[in-house]
Amino acid sequence: MSERANRIEQDVRTYGYHLVSVLEEERLPPFLYTIGLELSYQHPDLVVFGLEYPVMGELLEQLARRVKSGDRFEGGGSYEGILEELPCAFLDVHPTRFREHFGMAQSFYRSRRFRVLQVVWPDEEGRFPWSAVFDRDFRGMQPNLHVAGEEELLDWDADVDTDHVQVIGAERELVKVTFFLARDEDGYPPYERENLWAAPLPEGAFRIESIPYYVRGISKGDVIDVAKQGARRFAKRLVAASGNSTLRIWTDDPETSQLVMTELLQRGCECDNAHDPKLVAVNVLAELDYREILEWVAAGAREDRWDFEEACTAREDQ
C-alpha cells in the first residue's frame with residue numbers, strides 16, 4: 001500500500017474522512033472531495049469545484065462536521081446558510097464520472113459501492129449555474145457532473161433536470177431563539193446570549209432543533225415558550241422536556257474532539273463542534289443509556305484527556 005493510501009486509511013479511521021485536492025487543469029477547474037463519509041456515516045462523499053482551496057476545504061469540513069452530527073444532505077436539495085449565508089445545492093454525481101474524477105476514492109472503496117454529491121455554489125445573488133442570469137464571471141468554474149458522461153464536461157445549459165431542486169432550509173421554517181446566559185465568577189460562558197435554531201409548532205411553542213453550546217437546562221428536542229420583540233424571539237420557559245440530555249466536552253485539540261465525536265456518534269448520540277473545534281456539544285437521546293455514556297465521558301476526564309459538563313440532565317434518577 002502506498003504512503004498516500006496509508007494516509008487516507010488512517011484519516012478515515014481517525015477522523016471519519018480524508019480530503020483530496022486536485023489541481024486545476026486546462027479543461028478542468030480545481031476541486032476538492034472527501035473520501036470516507038460513505039464508509040463512516042453511510043452518507044455520500046462530497047465534491048466542490050472552482051473556489052480557492054482554503055474556501056473549498058473550509059466548506060467541506062463544515063459539511064463533514066454536520067454529517068458527523070447527524071445531518072443528511074440529499075441530491076436535489078438546496079440548503080440555506082452553507083456558504084457565508086448563501087445556499088448551496090446538492091446534486092448526485094453520475095457514476096460514469098467517477099473514474100475520471102475520483103480515482104483515489106475508487107481505490108479506497110475497491111469493490112464497495114459509494115456515492116458522491118456535488119456541492120454547487122451560487123453567485124453573490126444566490127443564483128445557481130443553471131439560471132439564465134447566473135453571473136457570467138463564474139461560468140465554467142463548476143462542471144456539470146450530474147449527467148452521464150466520461151470525458152465531455154457539460155455546461156449547465158445542457159438538458160439537466162434541476163427543476164426539482166428545493167430549498168430545504170426554507171421548508172423546515174427554522175427560526176432563531178435567543179437565550180440569555182448567566183455568567184459565573186470566572187466570566188464563563190464567554191457570551192451574554194446564545195441563539196438556537198427552533199421549529200415553530202402549531203400551538204405557538206417552539207421545538208429546539210440545535211444542540212446548545214452554552215445554555216444550561218435545555219436540550220435539543222425540548223419545547224419552549226418565547227416572547228417576541230419585533231423580529232426577534234427570546235426564550236421564556238420550558239414547556240415540555242424531550243427526555244434528551246446535553247453534555248459538553250472541552251478538549252485540548254481538534255483531533256481529540258474528532259475522536260470523541262466518532263465514539264459518541266457510534267454510541268448513538270448527536271454531536272456538534274462547528275462553533276469551536278475544541279468544544280463538542282452532545283445530545284444524548286432519551287432512548288440511550290445516559291449513565292453508560294456519562295461513565296465513558298467521565299473516564300476520559302479522569303485520565304485528563306478532556307473536561308466535561310452535564311449541561312442538562314433529563315431525568316433526576318440519572
# chains A, B, ... in the order shown; residues from 1 in each chain; ligands from 1
>>> closest_atom_pairs(of="range 197-269 of chain A", to="range 8-20 of chain A", cutoff="8 Å", atoms="only C-alpha atoms", output="JSON lines")
{"residue": "A:Glu255", "atom": "CA", "partner": "A:Tyr15", "partner_atom": "CA", "distance": 7.6}
{"residue": "A:Gln258", "atom": "CA", "partner": "A:Tyr15", "partner_atom": "CA", "distance": 5.7}
{"residue": "A:Leu259", "atom": "CA", "partner": "A:Thr14", "partner_atom": "CA", "distance": 6.6}
{"residue": "A:Thr262", "atom": "CA", "partner": "A:Tyr15", "partner_atom": "CA", "distance": 7.3}
>>> write_last_selection(atoms="N, CA, C and O atoms", output="short mmCIF file (atom, residue, chain, number, x, y, z; two decimals), in the first residue's frame")
data_model
loop_
_atom_site.label_atom_id
_atom_site.label_comp_id
_atom_site.auth_asym_id
_atom_site.auth_seq_id
_atom_site.Cartn_x
_atom_site.Cartn_y
_atom_site.Cartn_z
N GLU A 255 -8.13 17.23 17.05
CA GLU A 255 -8.03 15.79 16.79
C GLU A 255 -8.72 14.98 17.89
O GLU A 255 -9.44 14.01 17.60
N GLN A 258 -12.40 15.13 17.43
CA GLN A 258 -12.89 14.22 16.40
C GLN A 258 -13.01 12.80 16.94
O GLN A 258 -13.98 12.08 16.63
N LEU A 259 -12.05 12.38 17.76
CA LEU A 259 -12.12 11.05 18.35
C LEU A 259 -13.33 10.92 19.27
O LEU A 259 -14.02 9.90 19.27
N THR A 262 -16.47 10.72 17.10
CA THR A 262 -16.59 9.42 16.45
C THR A 262 -17.13 8.37 17.42
O THR A 262 -18.04 7.60 17.09
#
>>> residues_around(residues="Pro87 in chain A", least_positions_apart="2", cutoff="8 Å", atoms="only C-alpha atoms", output="PyMOL selection string")
chain A and resi 78-83+85+89+121-122+126
>>> residues_around(residues="Lys236 in chain A", least_positions_apart="3", cutoff="7 Å", atoms="only C-alpha atoms", output="JSON, numbers by chain")
{"A": [225, 226, 227]}
>>> closest_residue(among="A:Gly75, A:Glu310, A:Val47, A:Gln106", to="Glu61 in chain A", atoms="only C-alpha atoms")
A:Val47
>>> residues_around(residues="range 107-112 of chain A", least_positions_apart="5", cutoff="10 Å", atoms="only C-alpha atoms", output="ChimeraX atom specification")
/A:5-6,8-9,35-36,38-39,102
>>> write_last_selection(atoms="C-alpha atoms", output="PDB file, in the first residue's frame")
ATOM      1  CA  ALA A   5      -3.198   5.211   0.557  1.00  0.00           C
ATOM      2  CA  ASN A   6      -1.983   4.628   4.116  1.00  0.00           C
ATOM      3  CA  ILE A   8      -6.209   8.027   3.567  1.00  0.00           C
ATOM      4  CA  GLU A   9      -6.907   4.854   5.563  1.00  0.00           C
ATOM      5  CA  ILE A  35     -13.203  10.067   0.913  1.00  0.00           C
ATOM      6  CA  GLY A  36     -14.753   8.068   3.728  1.00  0.00           C
ATOM      7  CA  GLU A  38     -19.868   6.783   2.834  1.00  0.00           C
ATOM      8  CA  LEU A  39     -17.960   4.226   4.895  1.00  0.00           C
ATOM      9  CA  PHE A 102     -12.495  10.172  -8.137  1.00  0.00           C
TER      10      PHE A 102
END
>>> select_by_dssp(residues="range 6-179 of chain A", states="strand (DSSP E or B)", output="number ranges by chain")
A: 18-22, 25, 28, 31-35, 45-49, 77-83, 86-92, 116-120, 144, 154, 166-167, 175-179
>>> write_last_selection(atoms="N, CA and C atoms", output="tab-separated table (two decimals), in the first residue's frame")
chain	number	residue	atom	x	y	z
A	18	HIS	N	-11.25	11.78	4.62
A	18	HIS	CA	-9.99	12.36	4.14
A	18	HIS	C	-10.32	13.31	3.00
A	19	LEU	N	-9.59	14.42	2.90
A	19	LEU	CA	-9.80	15.39	1.83
A	19	LEU	C	-8.75	15.21	0.74
A	20	VAL	N	-9.20	15.19	-0.50
A	20	VAL	CA	-8.31	15.07	-1.66
A	20	VAL	C	-8.43	16.35	-2.48
A	21	SER	N	-7.31	17.00	-2.76
A	21	SER	CA	-7.31	18.20	-3.60
A	21	SER	C	-6.77	17.84	-4.97
A	22	VAL	N	-7.39	18.39	-6.00
A	22	VAL	CA	-6.99	18.14	-7.38
A	22	VAL	C	-6.67	19.47	-8.04
A	25	GLU	N	-6.56	22.07	-14.21
A	25	GLU	CA	-6.02	21.66	-15.49
A	25	GLU	C	-6.61	22.55	-16.58
A	28	LEU	N	-10.26	21.76	-16.75
A	28	LEU	CA	-10.94	21.41	-15.51
A	28	LEU	C	-10.52	22.36	-14.39
A	31	PHE	N	-10.52	21.27	-7.77
A	31	PHE	CA	-11.63	20.77	-6.96
A	31	PHE	C	-11.10	19.99	-5.76
A	32	LEU	N	-12.00	19.78	-4.82
A	32	LEU	CA	-11.69	19.10	-3.56
A	32	LEU	C	-12.82	18.12	-3.30
A	33	TYR	N	-12.47	16.93	-2.81
A	33	TYR	CA	-13.53	15.98	-2.47
A	33	TYR	C	-13.15	15.16	-1.25
A	34	THR	N	-14.17	14.58	-0.63
A	34	THR	CA	-13.97	13.75	0.55
A	34	THR	C	-13.89	12.28	0.16
A	35	ILE	N	-13.19	11.53	0.98
A	35	ILE	CA	-13.20	10.07	0.91
A	35	ILE	C	-13.51	9.56	2.32
A	45	ASP	N	-20.12	10.84	-0.26
A	45	ASP	CA	-18.99	11.75	-0.21
A	45	ASP	C	-19.34	13.03	-0.97
A	46	LEU	N	-18.54	14.07	-0.78
A	46	LEU	CA	-18.86	15.39	-1.29
A	46	LEU	C	-17.73	15.92	-2.16
A	47	VAL	N	-18.08	16.68	-3.20
A	47	VAL	CA	-17.09	17.31	-4.06
A	47	VAL	C	-17.53	18.74	-4.35
A	48	VAL	N	-16.56	19.65	-4.40
A	48	VAL	CA	-16.85	21.04	-4.75
A	48	VAL	C	-15.76	21.53	-5.70
A	49	PHE	N	-16.15	22.36	-6.66
A	49	PHE	CA	-15.25	22.85	-7.70
A	49	PHE	C	-15.12	24.37	-7.65
A	77	GLY	N	-31.47	18.79	-3.29
A	77	GLY	CA	-31.81	19.74	-2.24
A	77	GLY	C	-30.92	20.96	-2.28
A	78	SER	N	-31.46	22.10	-1.89
A	78	SER	CA	-30.69	23.33	-1.71
A	78	SER	C	-30.83	23.74	-0.26
A	79	TYR	N	-29.70	23.88	0.42
A	79	TYR	CA	-29.70	24.10	1.86
A	79	TYR	C	-29.19	25.51	2.17
A	80	GLU	N	-29.92	26.21	3.00
A	80	GLU	CA	-29.61	27.60	3.31
A	80	GLU	C	-28.40	27.72	4.23
A	81	GLY	N	-27.72	28.88	4.15
A	81	GLY	CA	-26.69	29.24	5.11
A	81	GLY	C	-25.44	28.39	5.06
A	82	ILE	N	-25.11	27.81	3.93
A	82	ILE	CA	-23.94	26.94	3.83
A	82	ILE	C	-22.66	27.74	3.59
A	83	LEU	N	-22.70	28.65	2.63
A	83	LEU	CA	-21.51	29.38	2.21
A	83	LEU	C	-21.72	30.87	2.47
A	86	LEU	N	-25.13	32.04	2.14
A	86	LEU	CA	-25.76	31.71	0.86
A	86	LEU	C	-26.10	30.22	0.82
A	87	PRO	N	-27.11	29.85	0.04
A	87	PRO	CA	-27.45	28.43	-0.06
A	87	PRO	C	-26.47	27.70	-0.98
A	88	CYS	N	-26.41	26.40	-0.84
A	88	CYS	CA	-25.70	25.54	-1.77
A	88	CYS	C	-26.64	24.43	-2.20
A	89	ALA	N	-26.57	24.05	-3.46
A	89	ALA	CA	-27.37	22.94	-3.97
A	89	ALA	C	-26.52	21.67	-3.96
A	90	PHE	N	-27.18	20.54	-3.80
A	90	PHE	CA	-26.51	19.25	-3.78
A	90	PHE	C	-27.12	18.38	-4.88
A	91	LEU	N	-26.28	17.90	-5.79
A	91	LEU	CA	-26.75	17.08	-6.89
A	91	LEU	C	-25.96	15.78	-6.93
A	92	ASP	N	-26.64	14.69	-7.24
A	92	ASP	CA	-25.99	13.39	-7.34
A	92	ASP	C	-25.02	13.38	-8.52
A	116	VAL	N	-21.47	10.02	-4.51
A	116	VAL	CA	-20.87	11.35	-4.39
A	116	VAL	C	-21.94	12.40	-4.68
A	117	LEU	N	-21.98	13.43	-3.85
A	117	LEU	CA	-22.83	14.59	-4.09
A	117	LEU	C	-21.96	15.77	-4.50
A	118	GLN	N	-22.34	16.44	-5.57
A	118	GLN	CA	-21.65	17.67	-5.97
A	118	GLN	C	-22.28	18.85	-5.24
A	119	VAL	N	-21.45	19.59	-4.52
A	119	VAL	CA	-21.91	20.79	-3.82
A	119	VAL	C	-21.79	21.96	-4.80
A	120	VAL	N	-22.91	22.51	-5.21
A	120	VAL	CA	-22.93	23.57	-6.22
A	120	VAL	C	-23.19	24.90	-5.53
A	144	ASN	N	-20.60	20.23	-14.82
A	144	ASN	CA	-21.84	19.53	-14.50
A	144	ASN	C	-21.58	18.03	-14.46
A	154	LEU	N	-20.08	18.80	-19.45
A	154	LEU	CA	-21.18	19.61	-19.94
A	154	LEU	C	-21.38	20.85	-19.09
A	166	GLN	N	-34.89	21.88	-4.36
A	166	GLN	CA	-35.74	22.54	-3.38
A	166	GLN	C	-34.89	23.13	-2.26
A	167	VAL	N	-35.36	24.24	-1.70
A	167	VAL	CA	-34.65	24.88	-0.60
A	167	VAL	C	-35.07	24.21	0.70
A	175	VAL	N	-36.36	29.07	12.93
A	175	VAL	CA	-36.11	30.45	13.35
A	175	VAL	C	-35.11	30.42	14.50
A	176	LYS	N	-34.49	31.56	14.75
A	176	LYS	CA	-33.55	31.65	15.85
A	176	LYS	C	-34.24	32.17	17.11
A	177	VAL	N	-33.97	31.50	18.22
A	177	VAL	CA	-34.49	31.92	19.52
A	177	VAL	C	-33.30	32.27	20.41
A	178	THR	N	-33.36	33.43	21.04
A	178	THR	CA	-32.25	33.92	21.86
A	178	THR	C	-32.43	33.51	23.32
A	179	PHE	N	-31.36	32.96	23.90
A	179	PHE	CA	-31.31	32.63	25.32
A	179	PHE	C	-30.28	33.54	25.99
>>> closest_residue(among="A:Asp276, A:Asp137, A:Arg27, A:Thr251", to="Asp304 in chain A", atoms="only C-alpha atoms")
A:Thr251
>>> residues_around(residues="Asp307 in chain A", least_positions_apart="5", cutoff="6 Å", atoms="only C-alpha atoms", output="list in words")
Ile249, Trp250 and Ala301 of chain A
>>> write_last_selection(atoms="all heavy atoms", output="PDB file, in the first residue's frame")
ATOM      1  N   ILE A 249     -18.078  18.774  26.114  1.00  0.00           N
ATOM      2  CA  ILE A 249     -16.739  18.229  26.327  1.00  0.00           C
ATOM      3  C   ILE A 249     -15.722  19.192  25.732  1.00  0.00           C
ATOM      4  O   ILE A 249     -15.804  19.545  24.550  1.00  0.00           O
ATOM      5  CB  ILE A 249     -16.615  16.836  25.678  1.00  0.00           C
ATOM      6  CG1 ILE A 249     -17.676  15.889  26.263  1.00  0.00           C
ATOM      7  CG2 ILE A 249     -15.214  16.271  25.878  1.00  0.00           C
ATOM      8  CD1 ILE A 249     -17.789  14.574  25.537  1.00  0.00           C
ATOM      9  N   TRP A 250     -14.763  19.622  26.562  1.00  0.00           N
ATOM     10  CA  TRP A 250     -13.693  20.518  26.113  1.00  0.00           C
ATOM     11  C   TRP A 250     -12.407  19.713  25.972  1.00  0.00           C
ATOM     12  O   TRP A 250     -11.991  19.019  26.909  1.00  0.00           O
ATOM     13  CB  TRP A 250     -13.458  21.645  27.116  1.00  0.00           C
ATOM     14  CG  TRP A 250     -14.569  22.636  27.190  1.00  0.00           C
ATOM     15  CD1 TRP A 250     -14.706  23.786  26.481  1.00  0.00           C
ATOM     16  CD2 TRP A 250     -15.717  22.574  28.060  1.00  0.00           C
ATOM     17  NE1 TRP A 250     -15.859  24.444  26.835  1.00  0.00           N
ATOM     18  CE2 TRP A 250     -16.502  23.720  27.802  1.00  0.00           C
ATOM     19  CE3 TRP A 250     -16.152  21.657  29.017  1.00  0.00           C
ATOM     20  CZ2 TRP A 250     -17.685  23.970  28.474  1.00  0.00           C
ATOM     21  CZ3 TRP A 250     -17.335  21.906  29.680  1.00  0.00           C
ATOM     22  CH2 TRP A 250     -18.088  23.053  29.405  1.00  0.00           C
ATOM     23  N   ALA A 301     -12.212  12.105  31.348  1.00  0.00           N
ATOM     24  CA  ALA A 301     -11.859  13.274  32.159  1.00  0.00           C
ATOM     25  C   ALA A 301     -10.920  12.889  33.297  1.00  0.00           C
ATOM     26  O   ALA A 301      -9.989  13.634  33.626  1.00  0.00           O
ATOM     27  CB  ALA A 301     -13.129  13.925  32.703  1.00  0.00           C
TER      28      ALA A 301
END
>>> closest_residue(among="A:His94, A:Met104, A:Asn273, A:Phe180", to="Ala148 in chain A", atoms="only C-alpha atoms")
A:His94
>>> closest_residue(among="A:Tyr214, A:Phe134, A:Phe308, A:Phe114", to="Asn195 in chain A", atoms="only C-alpha atoms")
A:Tyr214
>>> select_by_dssp(residues="range 102-267 of chain A", states="alpha helix (DSSP H)", output="list of chain:residue names")
A:Gly103, A:Met104, A:Ala105, A:Gln106, A:Ser107, A:Phe108, A:Tyr109, A:Ile168, A:Gly169, A:Ala170, A:Glu171, A:Arg172, A:Pro254, A:Glu255, A:Thr256, A:Ser257, A:Gln258, A:Leu259, A:Val260, A:Met261, A:Thr262, A:Glu263, A:Leu264, A:Leu265, A:Gln266
>>> closest_residue(among="A:Pro212, A:Gly221, A:Gly243, A:Gly50", to="Arg193 in chain A", atoms="only C-alpha atoms")
A:Pro212
>>> closest_residue(among="A:Arg139, A:Arg207, A:Lys68, A:Arg7", to="Glu263 in chain A", atoms="only C-alpha atoms")
A:Lys68
>>> decode(residues="range 224-236 of chain A", atoms="all heavy atoms", output="mmCIF file, in the first residue's frame")
data_model
loop_
_atom_site.group_PDB
_atom_site.id
_atom_site.type_symbol
_atom_site.label_atom_id
_atom_site.label_comp_id
_atom_site.auth_asym_id
_atom_site.auth_seq_id
_atom_site.Cartn_x
_atom_site.Cartn_y
_atom_site.Cartn_z
ATOM 1 N N ILE A 224 -40.257 24.952 24.011
ATOM 2 C CA ILE A 224 -40.202 26.146 24.846
ATOM 3 C C ILE A 224 -41.255 27.159 24.413
ATOM 4 O O ILE A 224 -41.778 27.104 23.299
ATOM 5 C CB ILE A 224 -38.809 26.813 24.786
ATOM 6 C CG1 ILE A 224 -38.518 27.288 23.356
ATOM 7 C CG2 ILE A 224 -37.725 25.862 25.274
ATOM 8 C CD1 ILE A 224 -37.301 28.190 23.251
ATOM 9 N N ASP A 225 -41.542 28.075 25.314
ATOM 10 C CA ASP A 225 -42.377 29.234 25.018
ATOM 11 C C ASP A 225 -41.452 30.425 24.807
ATOM 12 O O ASP A 225 -40.370 30.495 25.411
ATOM 13 C CB ASP A 225 -43.332 29.496 26.179
ATOM 14 C CG ASP A 225 -44.445 30.457 25.807
ATOM 15 O OD1 ASP A 225 -44.570 30.777 24.608
ATOM 16 O OD2 ASP A 225 -45.173 30.895 26.713
ATOM 17 N N VAL A 226 -41.839 31.364 23.952
ATOM 18 C CA VAL A 226 -40.976 32.501 23.643
ATOM 19 C C VAL A 226 -41.750 33.805 23.781
ATOM 20 O O VAL A 226 -42.981 33.833 23.752
ATOM 21 C CB VAL A 226 -40.389 32.402 22.216
ATOM 22 C CG1 VAL A 226 -39.662 31.085 22.019
ATOM 23 C CG2 VAL A 226 -41.465 32.595 21.161
ATOM 24 N N ALA A 227 -40.982 34.876 23.945
ATOM 25 C CA ALA A 227 -41.533 36.230 23.898
ATOM 26 C C ALA A 227 -40.976 36.899 22.652
ATOM 27 O O ALA A 227 -39.775 36.828 22.388
ATOM 28 C CB ALA A 227 -41.133 37.015 25.144
ATOM 29 N N LYS A 228 -41.833 37.529 21.879
ATOM 30 C CA LYS A 228 -41.404 38.154 20.629
ATOM 31 C C LYS A 228 -41.290 39.657 20.813
ATOM 32 O O LYS A 228 -42.201 40.313 21.325
ATOM 33 C CB LYS A 228 -42.388 37.829 19.507
ATOM 34 C CG LYS A 228 -41.892 38.234 18.126
ATOM 35 C CD LYS A 228 -42.800 37.711 17.027
ATOM 36 C CE LYS A 228 -42.255 38.093 15.654
ATOM 37 N NZ LYS A 228 -43.129 37.612 14.557
ATOM 38 N N GLN A 229 -40.137 40.197 20.405
ATOM 39 C CA GLN A 229 -39.901 41.635 20.427
ATOM 40 C C GLN A 229 -39.441 42.050 19.043
ATOM 41 O O GLN A 229 -38.301 41.793 18.658
ATOM 42 C CB GLN A 229 -38.856 42.000 21.479
ATOM 43 C CG GLN A 229 -39.270 41.674 22.906
ATOM 44 C CD GLN A 229 -38.208 42.074 23.911
ATOM 45 O OE1 GLN A 229 -37.268 42.796 23.590
ATOM 46 N NE2 GLN A 229 -38.354 41.610 25.139
ATOM 47 N N GLY A 230 -40.331 42.662 18.296
ATOM 48 C CA GLY A 230 -40.024 42.980 16.913
ATOM 49 C C GLY A 230 -39.873 41.697 16.124
ATOM 50 O O GLY A 230 -40.740 40.826 16.147
ATOM 51 N N ALA A 231 -38.735 41.565 15.425
ATOM 52 C CA ALA A 231 -38.492 40.355 14.637
ATOM 53 C C ALA A 231 -37.760 39.283 15.440
ATOM 54 O O ALA A 231 -37.539 38.184 14.937
ATOM 55 C CB ALA A 231 -37.683 40.705 13.392
ATOM 56 N N ARG A 232 -37.396 39.581 16.690
ATOM 57 C CA ARG A 232 -36.601 38.646 17.478
ATOM 58 C C ARG A 232 -37.479 37.874 18.455
ATOM 59 O O ARG A 232 -38.514 38.361 18.922
ATOM 60 C CB ARG A 232 -35.500 39.390 18.234
ATOM 61 C CG ARG A 232 -34.585 40.194 17.324
ATOM 62 C CD ARG A 232 -33.380 40.703 18.060
ATOM 63 N NE ARG A 232 -32.516 39.610 18.498
ATOM 64 C CZ ARG A 232 -31.348 39.802 19.103
ATOM 65 N NH1 ARG A 232 -30.925 41.027 19.350
ATOM 66 N NH2 ARG A 232 -30.612 38.778 19.467
ATOM 67 N N ARG A 233 -37.019 36.667 18.782
ATOM 68 C CA ARG A 233 -37.719 35.802 19.733
ATOM 69 C C ARG A 233 -36.776 35.465 20.875
ATOM 70 O O ARG A 233 -35.631 35.086 20.642
ATOM 71 C CB ARG A 233 -38.212 34.529 19.042
ATOM 72 C CG ARG A 233 -39.250 34.774 17.957
ATOM 73 C CD ARG A 233 -39.560 33.498 17.187
ATOM 74 N NE ARG A 233 -40.620 33.703 16.201
ATOM 75 C CZ ARG A 233 -40.411 34.176 14.977
ATOM 76 N NH1 ARG A 233 -39.182 34.492 14.596
ATOM 77 N NH2 ARG A 233 -41.423 34.331 14.138
ATOM 78 N N PHE A 234 -37.293 35.573 22.094
ATOM 79 C CA PHE A 234 -36.497 35.306 23.286
ATOM 80 C C PHE A 234 -37.141 34.178 24.086
ATOM 81 O O PHE A 234 -38.361 34.144 24.254
ATOM 82 C CB PHE A 234 -36.386 36.566 24.151
ATOM 83 C CG PHE A 234 -35.679 37.702 23.474
ATOM 84 C CD1 PHE A 234 -36.377 38.607 22.689
ATOM 85 C CD2 PHE A 234 -34.305 37.853 23.597
ATOM 86 C CE1 PHE A 234 -35.726 39.655 22.050
ATOM 87 C CE2 PHE A 234 -33.643 38.894 22.962
ATOM 88 C CZ PHE A 234 -34.359 39.796 22.188
ATOM 89 N N ALA A 235 -36.306 33.259 24.555
ATOM 90 C CA ALA A 235 -36.812 32.118 25.313
ATOM 91 C C ALA A 235 -37.420 32.583 26.632
ATOM 92 O O ALA A 235 -36.844 33.413 27.338
ATOM 93 C CB ALA A 235 -35.682 31.132 25.571
ATOM 94 N N LYS A 236 -38.597 32.025 26.972
ATOM 95 C CA LYS A 236 -39.259 32.360 28.233
ATOM 96 C C LYS A 236 -39.191 31.204 29.228
ATOM 97 O O LYS A 236 -38.692 31.354 30.335
ATOM 98 C CB LYS A 236 -40.723 32.728 27.974
ATOM 99 C CG LYS A 236 -40.932 34.081 27.328
ATOM 100 C CD LYS A 236 -42.410 34.342 27.047
ATOM 101 C CE LYS A 236 -43.255 34.293 28.316
ATOM 102 N NZ LYS A 236 -44.685 34.584 28.020
#
